[in-house]
Every structure is written in C-alpha cells, then in structure tokens.
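See below for structure32.pdb, which holds PDB, C-alpha atoms and all ligand atoms.
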```pdb
ATOM      1  CA  MET A   1      16.903  41.785  10.147
ATOM      2  CA  PRO A   2      18.740  44.926   9.063
ATOM      3  CA  GLU A   3      21.236  46.080  11.670
ATOM      4  CA  LEU A   4      23.381  49.192  11.879
ATOM      5  CA  PRO A   5      25.540  48.566   8.764
ATOM      6  CA  GLU A   6      22.524  47.883   6.559
ATOM      7  CA  VAL A   7      20.511  50.848   7.865
ATOM      8  CA  GLU A   8      23.545  53.141   7.607
ATOM      9  CA  THR A   9      24.155  51.930   4.030
ATOM     10  CA  VAL A  10      20.555  52.811   3.179
ATOM     11  CA  ARG A  11      20.955  56.195   4.895
ATOM     12  CA  ARG A  12      24.085  57.027   2.905
ATOM     13  CA  GLY A  13      22.247  56.235  -0.295
ATOM     14  CA  LEU A  14      19.155  58.240   0.580
ATOM     15  CA  ALA A  15      20.795  61.341   2.063
ATOM     16  CA  PRO A  16      22.180  62.927  -1.138
ATOM     17  CA  ARG A  17      18.970  62.196  -3.053
ATOM     18  CA  CYS A  18      16.515  63.385  -0.399
ATOM     19  CA  THR A  19      18.153  66.158   1.618
ATOM     20  CA  GLY A  20      16.694  69.547   0.675
ATOM     21  CA  ARG A  21      13.902  67.990  -1.375
ATOM     22  CA  ARG A  22      10.276  68.812  -0.737
ATOM     23  CA  ILE A  23       7.848  65.934  -0.326
ATOM     24  CA  GLY A  24       5.101  66.577  -2.839
ATOM     25  CA  ARG A  25       3.037  63.720  -1.490
ATOM     26  CA  ALA A  26       3.527  61.013   1.112
ATOM     27  CA  GLU A  27       1.530  57.987   0.033
ATOM     28  CA  PHE A  28       0.789  55.478   2.780
ATOM     29  CA  ARG A  29      -0.582  52.450   0.980
ATOM     30  CA  ARG A  30      -1.318  50.662   4.207
ATOM     31  CA  GLY A  31      -2.276  52.532   7.336
ATOM     32  CA  ASP A  32      -0.941  50.143   9.974
ATOM     33  CA  ILE A  33       2.669  50.965   9.078
ATOM     34  CA  LEU A  34       2.180  54.489  10.385
ATOM     35  CA  ILE A  35       2.314  55.108  14.130
ATOM     36  CA  VAL A  36       1.239  58.445  15.527
ATOM     37  CA  PRO A  37       1.978  59.213  19.179
ATOM     38  CA  GLU A  38      -1.047  59.468  21.428
ATOM     39  CA  GLU A  39      -0.064  62.839  22.816
ATOM     40  CA  ALA A  40      -0.585  64.359  19.372
ATOM     41  CA  GLY A  41      -4.234  63.337  19.485
ATOM     42  CA  ASP A  42      -5.677  66.663  20.543
ATOM     43  CA  ASP A  43      -3.918  68.621  17.804
ATOM     44  CA  PRO A  44      -4.439  66.555  14.663
ATOM     45  CA  ALA A  45      -3.824  69.448  12.267
ATOM     46  CA  ARG A  46      -0.262  69.715  13.457
ATOM     47  CA  TRP A  47       0.689  66.071  13.109
ATOM     48  CA  ALA A  48      -1.299  65.582   9.932
ATOM     49  CA  ALA A  49       0.826  68.042   7.984
ATOM     50  CA  PRO A  50       3.890  65.851   7.476
ATOM     51  CA  PHE A  51       1.791  62.967   6.205
ATOM     52  CA  THR A  52       0.078  64.948   3.528
ATOM     53  CA  GLY A  53       3.296  66.269   2.066
ATOM     54  CA  GLY A  54       4.561  69.777   1.547
ATOM     55  CA  ARG A  55       7.448  69.478   3.983
ATOM     56  CA  THR A  56      11.105  69.598   3.045
ATOM     57  CA  ILE A  57      13.493  66.879   4.209
ATOM     58  CA  ILE A  58      16.324  68.687   5.963
ATOM     59  CA  ARG A  59      18.302  65.700   7.219
ATOM     60  CA  VAL A  60      18.460  61.939   6.760
ATOM     61  CA  GLY A  61      19.954  60.614   9.983
ATOM     62  CA  ARG A  62      20.192  57.366  11.852
ATOM     63  CA  GLN A  63      20.323  56.190  15.431
ATOM     64  CA  GLY A  64      20.730  52.481  16.012
ATOM     65  CA  LYS A  65      18.494  50.709  13.521
ATOM     66  CA  TYR A  66      16.185  53.682  12.938
ATOM     67  CA  LEU A  67      16.376  55.934   9.905
ATOM     68  CA  LEU A  68      15.522  59.475  10.922
ATOM     69  CA  LEU A  69      13.854  61.712   8.355
ATOM     70  CA  ASP A  70      13.821  65.233   9.754
ATOM     71  CA  MET A  71      11.645  67.778   8.026
ATOM     72  CA  ASP A  72      11.267  71.518   8.257
ATOM     73  CA  GLY A  73       8.644  72.818  10.644
ATOM     74  CA  ASP A  74       9.893  70.565  13.449
ATOM     75  CA  ALA A  75       8.467  67.250  12.354
ATOM     76  CA  GLY A  76       9.891  63.948  11.266
ATOM     77  CA  TRP A  77       9.614  60.232  10.837
ATOM     78  CA  ALA A  78      11.599  57.538  12.569
ATOM     79  CA  VAL A  79      11.558  54.635  10.119
ATOM     80  CA  HIS A  80      12.244  51.031  11.089
ATOM     81  CA  LEU A  81      12.918  48.605   8.262
ATOM     82  CA  GLY A  82      11.485  45.692  10.245
ATOM     83  CA  MET A  83      12.528  42.173   9.281
ATOM     84  CA  SER A  84      13.147  42.792   5.613
ATOM     85  CA  GLY A  85      12.348  46.375   4.680
ATOM     86  CA  SER A  86      14.129  48.482   2.109
ATOM     87  CA  MET A  87      14.023  52.111   0.998
ATOM     88  CA  VAL A  88      14.940  52.424  -2.643
ATOM     89  CA  VAL A  89      15.156  55.546  -4.822
ATOM     90  CA  HIS A  90      13.281  55.207  -8.122
ATOM     91  CA  ALA A  91      12.410  57.361 -11.093
ATOM     92  CA  GLU A  92       8.950  58.879 -11.322
ATOM     93  CA  ASP A  93       6.001  56.525 -11.922
ATOM     94  CA  THR A  94       7.933  53.348 -11.140
ATOM     95  CA  PRO A  95       5.381  50.553 -10.664
ATOM     96  CA  ALA A  96       4.971  49.380  -7.071
ATOM     97  CA  ASP A  97       4.027  45.872  -5.991
ATOM     98  CA  GLN A  98       1.863  44.817  -3.054
ATOM     99  CA  HIS A  99       4.824  44.916  -0.663
ATOM    100  CA  THR A 100       5.496  48.604  -1.277
ATOM    101  CA  HIS A 101       3.763  50.234   1.674
ATOM    102  CA  VAL A 102       4.954  53.840   1.496
ATOM    103  CA  ILE A 103       5.973  56.047  -1.423
ATOM    104  CA  LEU A 104       7.450  59.498  -0.944
ATOM    105  CA  HIS A 105       6.978  61.575  -4.085
ATOM    106  CA  LEU A 106       9.744  64.199  -4.074
ATOM    107  CA  ASP A 107       9.522  67.505  -5.902
ATOM    108  CA  ASP A 108      12.244  66.571  -8.431
ATOM    109  CA  GLY A 109      10.227  63.592  -9.624
ATOM    110  CA  VAL A 110      12.171  61.037  -7.577
ATOM    111  CA  GLU A 111      10.177  58.443  -5.683
ATOM    112  CA  VAL A 112      11.372  56.719  -2.521
ATOM    113  CA  HIS A 113       9.735  53.316  -2.170
ATOM    114  CA  TYR A 114       9.530  51.696   1.246
ATOM    115  CA  ARG A 115       9.047  47.991   0.668
ATOM    116  CA  ALA A 116       8.651  45.302   3.343
ATOM    117  CA  PRO A 117       7.715  41.799   2.129
ATOM    118  CA  ARG A 118       7.584  40.544   5.691
ATOM    119  CA  ARG A 119       5.730  42.994   7.890
ATOM    120  CA  PHE A 120       6.798  44.547  11.186
ATOM    121  CA  GLY A 121       8.317  47.682   9.671
ATOM    122  CA  ARG A 122       6.978  50.997  10.884
ATOM    123  CA  TRP A 123       7.025  54.718  10.365
ATOM    124  CA  ILE A 124       6.734  56.533  13.673
ATOM    125  CA  ALA A 125       5.668  60.145  13.421
ATOM    126  CA  ALA A 126       7.369  62.844  15.451
ATOM    127  CA  PRO A 127       4.826  65.640  15.115
ATOM    128  CA  CYS A 128       6.480  68.298  17.239
ATOM    129  CA  GLY A 129      10.210  67.742  17.150
ATOM    130  CA  PRO A 130      13.062  65.941  15.441
ATOM    131  CA  ALA A 131      12.467  62.374  14.280
ATOM    132  CA  LEU A 132      14.555  61.027  17.137
ATOM    133  CA  SER A 133      12.041  62.375  19.671
ATOM    134  CA  ALA A 134       9.577  59.706  18.506
ATOM    135  CA  VAL A 135      11.844  56.844  19.557
ATOM    136  CA  GLN A 136      14.204  58.250  22.159
ATOM    137  CA  ASP A 137      12.691  56.155  24.964
ATOM    138  CA  ARG A 138      13.499  52.936  23.099
ATOM    139  CA  VAL A 139      16.828  53.788  21.440
ATOM    140  CA  GLY A 140      19.960  54.452  23.465
ATOM    141  CA  ILE A 141      23.190  56.041  22.273
ATOM    142  CA  ASP A 142      24.389  54.759  18.910
ATOM    143  CA  ILE A 143      27.292  52.320  19.178
ATOM    144  CA  LEU A 144      29.288  54.402  16.646
ATOM    145  CA  ASP A 145      28.608  57.700  18.435
ATOM    146  CA  PRO A 146      32.119  59.061  19.114
ATOM    147  CA  THR A 147      31.010  60.447  22.490
ATOM    148  CA  LEU A 148      30.431  56.872  23.729
ATOM    149  CA  ASP A 149      33.637  55.952  25.572
ATOM    150  CA  VAL A 150      34.646  52.715  27.280
ATOM    151  CA  ASP A 151      33.504  53.852  30.730
ATOM    152  CA  GLU A 152      30.033  54.704  29.549
ATOM    153  CA  PHE A 153      29.848  51.520  27.451
ATOM    154  CA  ALA A 154      30.709  49.440  30.525
ATOM    155  CA  ASN A 155      28.331  51.432  32.738
ATOM    156  CA  ARG A 156      25.438  50.956  30.369
ATOM    157  CA  LEU A 157      25.903  47.238  29.707
ATOM    158  CA  GLY A 158      27.544  46.046  32.923
ATOM    159  CA  GLY A 159      25.836  45.921  36.313
ATOM    160  CA  SER A 160      23.671  42.975  35.299
ATOM    161  CA  ARG A 161      24.095  39.205  35.434
ATOM    162  CA  ALA A 162      22.267  38.958  32.112
ATOM    163  CA  THR A 163      24.375  37.534  29.289
ATOM    164  CA  ILE A 164      26.644  39.971  27.477
ATOM    165  CA  LYS A 165      24.952  39.078  24.206
ATOM    166  CA  SER A 166      21.496  40.052  25.444
ATOM    167  CA  ARG A 167      22.928  43.302  26.852
ATOM    168  CA  LEU A 168      24.658  44.093  23.550
ATOM    169  CA  MET A 169      21.376  43.617  21.697
ATOM    170  CA  ASP A 170      19.283  45.718  24.110
ATOM    171  CA  GLN A 171      18.651  48.801  21.967
ATOM    172  CA  ARG A 172      17.822  50.962  24.985
ATOM    173  CA  LEU A 173      21.345  50.520  26.356
ATOM    174  CA  VAL A 174      23.404  50.941  23.181
ATOM    175  CA  ALA A 175      21.725  50.926  19.789
ATOM    176  CA  GLY A 176      22.634  49.298  16.492
ATOM    177  CA  LEU A 177      23.518  45.655  17.106
ATOM    178  CA  GLY A 178      21.281  42.718  16.292
ATOM    179  CA  ASN A 179      21.852  38.986  16.220
ATOM    180  CA  ILE A 180      24.436  38.807  13.434
ATOM    181  CA  TYR A 181      26.793  41.574  14.499
ATOM    182  CA  ALA A 182      26.500  40.771  18.212
ATOM    183  CA  ASP A 183      27.915  37.309  17.398
ATOM    184  CA  GLU A 184      30.601  38.808  15.156
ATOM    185  CA  ALA A 185      31.602  41.403  17.768
ATOM    186  CA  LEU A 186      31.825  38.861  20.603
ATOM    187  CA  PHE A 187      33.869  36.505  18.430
ATOM    188  CA  ALA A 188      36.246  39.318  17.467
ATOM    189  CA  ALA A 189      36.663  40.231  21.141
ATOM    190  CA  ALA A 190      36.979  36.563  22.209
ATOM    191  CA  VAL A 191      34.191  36.949  24.746
ATOM    192  CA  HIS A 192      31.681  34.123  25.178
ATOM    193  CA  PRO A 193      28.102  35.255  24.411
ATOM    194  CA  MET A 194      26.814  33.681  27.646
ATOM    195  CA  CYS A 195      29.297  35.478  29.861
ATOM    196  CA  PRO A 196      27.407  37.499  32.512
ATOM    197  CA  ALA A 197      27.850  41.172  31.614
ATOM    198  CA  SER A 198      28.912  42.040  35.153
ATOM    199  CA  ASP A 199      31.855  39.606  34.904
ATOM    200  CA  LEU A 200      33.674  41.531  32.160
ATOM    201  CA  ASP A 201      36.783  43.355  33.325
ATOM    202  CA  VAL A 202      38.021  46.768  32.212
ATOM    203  CA  GLY A 203      40.238  45.308  29.504
ATOM    204  CA  GLN A 204      37.422  43.204  28.083
ATOM    205  CA  TRP A 205      35.088  46.200  27.857
ATOM    206  CA  ALA A 206      37.735  48.137  25.952
ATOM    207  CA  THR A 207      38.380  45.208  23.607
ATOM    208  CA  LEU A 208      34.676  44.606  23.067
ATOM    209  CA  LEU A 209      33.931  48.236  22.191
ATOM    210  CA  ARG A 210      36.911  48.420  19.820
ATOM    211  CA  CYS A 211      36.097  45.091  18.152
ATOM    212  CA  THR A 212      32.387  45.899  17.845
ATOM    213  CA  ARG A 213      33.136  49.125  16.026
ATOM    214  CA  ALA A 214      35.714  47.432  13.790
ATOM    215  CA  VAL A 215      33.200  44.729  12.843
ATOM    216  CA  LEU A 216      30.565  47.329  11.990
ATOM    217  CA  HIS A 217      32.950  49.481   9.969
ATOM    218  CA  ARG A 218      34.112  46.462   8.001
ATOM    219  CA  ALA A 219      30.511  45.497   7.216
ATOM    220  CA  LEU A 220      29.750  49.093   6.228
ATOM    221  CA  GLY A 221      32.693  49.004   3.859
ATOM    222  CA  ASN A 222      31.057  46.043   2.144
ATOM    223  CA  GLY A 223      27.646  47.677   1.911
ATOM    224  CA  GLY A 224      26.085  45.561   4.643
ATOM    225  CA  THR A 225      25.157  41.907   4.797
ATOM    226  CA  THR A 226      22.505  40.633   2.449
ATOM    227  CA  PHE A 227      19.826  38.459   3.964
ATOM    228  CA  SER A 228      16.357  37.869   2.549
ATOM    229  CA  SER A 229      15.273  40.987   0.698
ATOM    230  CA  TYR A 230      17.701  43.582   2.063
ATOM    231  CA  ARG A 231      18.673  46.194  -0.520
ATOM    232  CA  ASP A 232      20.498  49.498  -0.296
ATOM    233  CA  ALA A 233      18.958  52.773  -1.471
ATOM    234  CA  ALA A 234      19.936  51.983  -5.067
ATOM    235  CA  GLY A 235      18.357  48.517  -4.900
ATOM    236  CA  ARG A 236      21.679  46.638  -4.672
ATOM    237  CA  ARG A 237      22.368  43.648  -2.460
ATOM    238  CA  GLY A 238      24.955  43.887   0.313
ATOM    239  CA  GLY A 239      28.358  42.291  -0.199
ATOM    240  CA  HIS A 240      29.257  41.350   3.362
ATOM    241  CA  SER A 241      27.823  37.829   3.647
ATOM    242  CA  ASP A 242      31.112  36.239   2.570
ATOM    243  CA  HIS A 243      32.983  38.175   5.234
ATOM    244  CA  LEU A 244      31.128  36.971   8.323
ATOM    245  CA  ARG A 245      33.664  35.211  10.550
ATOM    246  CA  VAL A 246      31.420  33.249  12.893
ATOM    247  CA  TYR A 247      27.728  33.866  12.188
ATOM    248  CA  GLY A 248      26.177  31.088  10.119
ATOM    249  CA  ARG A 249      29.364  28.949  10.212
ATOM    250  CA  GLU A 250      28.048  26.188  12.479
ATOM    251  CA  SER A 251      30.377  23.124  12.643
ATOM    252  CA  GLU A 252      33.016  24.827  10.492
ATOM    253  CA  ASP A 253      36.583  25.396  11.671
ATOM    254  CA  CYS A 254      37.164  28.435  13.866
ATOM    255  CA  LEU A 255      39.091  31.078  11.914
ATOM    256  CA  ARG A 256      41.257  31.875  14.947
ATOM    257  CA  CYS A 257      42.053  28.630  16.745
ATOM    258  CA  SER A 258      41.876  24.860  16.292
ATOM    259  CA  GLY A 259      38.324  24.733  17.617
ATOM    260  CA  TYR A 260      35.090  24.836  15.665
ATOM    261  CA  VAL A 261      32.013  27.018  15.571
ATOM    262  CA  GLU A 262      29.074  25.953  17.696
ATOM    263  CA  ARG A 263      25.496  27.051  17.476
ATOM    264  CA  ILE A 264      23.786  27.569  20.815
ATOM    265  CA  LYS A 265      20.743  29.489  22.077
ATOM    266  CA  VAL A 266      21.283  32.678  24.027
ATOM    267  CA  ALA A 267      18.341  34.834  25.079
ATOM    268  CA  GLY A 268      16.179  32.815  22.703
ATOM    269  CA  ARG A 269      18.342  33.662  19.703
ATOM    270  CA  SER A 270      20.450  31.389  17.553
ATOM    271  CA  THR A 271      24.041  32.182  18.509
ATOM    272  CA  HIS A 272      27.349  31.249  16.919
ATOM    273  CA  CYS A 273      30.609  31.101  18.857
ATOM    274  CA  CYS A 274      33.806  29.111  19.346
ATOM    275  CA  ALA A 275      33.855  27.459  22.766
ATOM    276  CA  THR A 276      37.650  27.133  22.565
ATOM    277  CA  CYS A 277      38.802  30.700  22.061
ATOM    278  CA  GLN A 278      35.659  32.347  23.483
ATOM    279  CA  ARG A 279      35.922  30.600  26.826
ATOM    280  CA  ALA A 280      32.509  29.710  28.284
ATOM    281  CA  PRO A 281      31.723  31.103  31.729
ATOM    282  CA  VAL A 282      32.118  28.560  34.544
TER     283      VAL A 282
HETATM  284 ZN    ZN B 301      38.275  29.521  18.196
END
```

Represent the structure of the file as structure tokens.
Ligand SMILES: [Zn+2]
Amino acid sequence: MPELPEVETVRRGLAPRCTGRRIGRAEFRRGDILIVPEEAGDDPARWAAPFTGGRTIIRVGRQGKYLLLDMDGDAGWAVHLGMSGSMVVHAEDTPADQHTHVILHLDDGVEVHYRAPRRFGRWIAAPCGPALSAVQDRVGIDILDPTLDVDEFANRLGGSRATIKSRLMDQRLVAGLGNIYADEALFAAAVHPMCPASDLDVGQWATLLRCTRAVLHRALGNGGTTFSSYRDAAGRRGGHSDHLRVYGRESEDCLRCSGYVERIKVAGRSTHCCATCQRAPV
C-alpha cells in the first residue's frame, strides 16, 4: 500500500502540472469511489460543483497518505490511493482501461488518470472547505510536519500499552507510516516492534522520530518503493525496493549485527525485525 514516500512522490509530480489549471471536466467512471459527506446533503448544488468541473486547482497538498486537491471556491478532494492506486499525468485522449476510475480533464489538454487495479481507493469530497477538512478526523499531524517535535510525538504515541508498531501506524495519532516504513523506522531506531509504547524513554522517542524521518527522506530520494502497481505521476516505478534494510528480508543476515531478520505478526500485520539488536520486550 502506498505510504508517505509514494504519495509524496506522486504529489511532487502532480503539483507543477495541475496547480493553477482549471478542471474542464471531472469524469467519475465508477460512482463508489466518490464519497460525499452527509452534512452536505441538504445543499447538493454546492457540493455538486466540484464534481462537474469548472474549478481551478489551487494547491496539490498531502497529509499522511492523503493527496489533497484544493480548488478555488473553497472545495476540494482528499484522495486515497488505496492498496494500489496511481495518479498519472497523460496527454489528451489517452485510452483508459477498466481500472481507471477517475479522469480529470484539465484546461490545457492534460488528463490526470486515477487508476486502482485493486479497489479500496477513494475520493472524499470537501464541499465547503479545504480538502483536509474532509479527513481531519481520521488523519493526525503529518510525520514530516516540522512543527511536530519530540515531546508531541511522545505524547501522541505514548500513554498506551499497545505495541509501538501499532501506535506508529495509527494515522489519527501521526500520519504517513504504513507497514513497510514502520518496520524500517523501528529497525533504524533499534526498537522492537512489540515494545509497549509507554515503555519508551525520552531518548528512544528522540531516536525514533529522527530515524523515522531519515527513513522516509531516503525513500523519497529514491522515488518511493515499488510494490504491485505503484507508479509516480509520470508513470514510473519507484526505485527504493533495493534499499529496504529489514522489510521483506526474512531469514537474511541483519545489516547491523550478527543476528538475522525474523518475520513475526504484530497487530495482525507481517512484521520484520532483528531480535538481537532490536531487543524484544520482556
Ligand atoms: Zn540485528
């Protein structure tokens, strides 16, 4: 599933092509991708406008794993790529296959194709405010937000006996990490994924925040990790798969110590760690 580096890579590709462009037509080829908030129900004319086109994209943002398309007139879409979605910029009249669920036709002839071979992606409408308003109850502060300091990081994730991995992946606490980068971040910080969050000390919180950001920046530098059908906004695959240090390396030698990588289950998710240098909780 695309995580912060993949979504940010897509955002960086889309922003220069889409910002300032008017949407001539927004073509939803399947209706169940689109989610309209209930509270907009009594004023359909207002929320219908963005879907029928005519709005200008003023900003392509991101928070956590959501792409945020803000439009003029105080409306927007929060777009989730789901398990395998992509948003690729094409020339006019590019043929679309059955997995292309949304096409934005921009006024300069460019088409943005939202494609999701495995479903679960969604476009959530924000009819009366910025795109973020549509998802703010389910997306906490972005892990790369510079205003997030160690104290707030520890406050948000600590205070629970739940495993640190499940806390790291809880998008309402801090947004952006999924299964791959949570494993990479915990390995980099030498913290065991099953460690109860409330057991981390001040130094470990600082190390974990620093290592998490370093892991994400490194992946961003490589254009994200390619898995299944992930593509950036130009349709290219990510180059980070060869750089993962623990995820997917079950039974291989640990890259830091003489131990080896184990695969265990944490919070129902396949988890990779080294039981030697990421000491298991007792
Ligand atoms: Zn190790």

Margin query: Just checking: using only C-alpha atoms, which residue out of A:Glu3, A:Glu152, A:Asp137, A:Asp142 ends up closest to Val174 (chain A)?
Written below: A:Asp142

Notebook entry, point to check: So what does the PyMOL selection byres (((not hetatm)) within 10 of (chain B and resi 301)) actually pick up in this one, as a PyMOL selection string?
Noted result: chain A and resi 187+190+246+253-262+273-279

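Residues with any atom within 6 Å of region 18-35 of chain A, counting all atoms listed in the file and excluding same-chain neighbours fewer than 2 positions away, are Leu14, Ala15, Pro16, Phe51, Thr52, Gly53, Gly54, Arg55, Thr56, Ile57, Ile58, Arg59, His101, Val102, Ile103, Leu104, His105, Leu106, Asp107, Arg122, Trp123 and Ile124 of chain A.
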
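The residues caught by the PyMOL selection byres (((chain A and resi 96) around 12) and not hetatm) in this file are Glu27, Arg29, Val88, His90, Ala91, Glu92, Asp93, Thr94, Pro95, Asp97, Gln98, His99, Thr100, His101, Val102, Ile103, Glu111, Val112, His113, Tyr114, Arg115 and Ala116 of chain A.
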
Note to self: So the first atom is CA of Pro146 (chain A) and the second is CA of Gly76 (chain A); what is the distance between them in Å, to one decimal place?
What the structure shows: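 Spanning CA of Pro146 (chain A) to CA of Gly76 (chain A) is a straight-line distance of 24.1 Å.
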
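Note that CA of Leu173 (chain A) and CA of Asp201 (chain A) are 18.4 Å apart.
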
Item checked: Pick from A:Ile180, A:Ala175, A:Ala75, A:Ala131, whichever lies nearest to Gln63 (chain A) using only C-alpha atoms ->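 When distances to Gln63 (chain A) are compared using only C-alpha atoms, the smallest one comes from A:Ala175.
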
Next item on the list: Choose the residue, out of A:Leu244, A:Leu186, A:Ala197, A:Val10, that has the smallest atom-to-atom separation from Cys211 (chain A); count all atoms listed in the file.
Entry: A:Leu186

Item checked: 12 Å contact set for Ile141 (chain A), only C-alpha atoms, chain neighbours under 5 positions out, as a list in words ->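 That gives Arg62, Gln63, Gly64, Lys65, Tyr66, Leu132, Val135, Gln136, Pro146, Thr147, Leu148, Asp149, Glu152, Phe153, Arg156, Leu157, Asp170, Gln171, Arg172, Leu173, Val174, Ala175, Gly176 and Leu177 of chain A.
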
Next item on the list: Find, counting only C-alpha atoms, the residue in A:Met83, A:Ala189, A:Leu144, A:Val89 that gets nearest to Arg236 (chain A).
Entry: A:Val89

Notebook entry, point to check: Which of these residues is nearest to His272 (chain A), using all atoms listed in the file: A:Ala182, A:Ala233, A:Val202, A:Ala219?
Noted result: A:Ala182

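Among the candidates A:Glu38, A:Asp183, A:Asp72, A:Asp199, the one nearest to Thr271 (chain A) when counting only C-alpha atoms is A:Asp183.
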
Notebook entry, point to check: Could you pull the residues within 8 Å of Val150 (chain A), counting only C-alpha atoms, minus those fewer than 3 positions along the same chain, as a VMD selection string?
Noted result: chain A and resid 153 to 154 205 to 206 209

For region 92-106 of chain A, take all atoms listed in the file, fit an axis-aligned box around them, add 4 Å to each of the six sides, then output centre and edge lengths in Å rounded to one decimal, as AutoDock Vina command-line options.
```
--center_x 5.8 --center_y 54.5 --center_z -5.1 --size_x 15.9 --size_y 27.4 --size_z 21.6
```
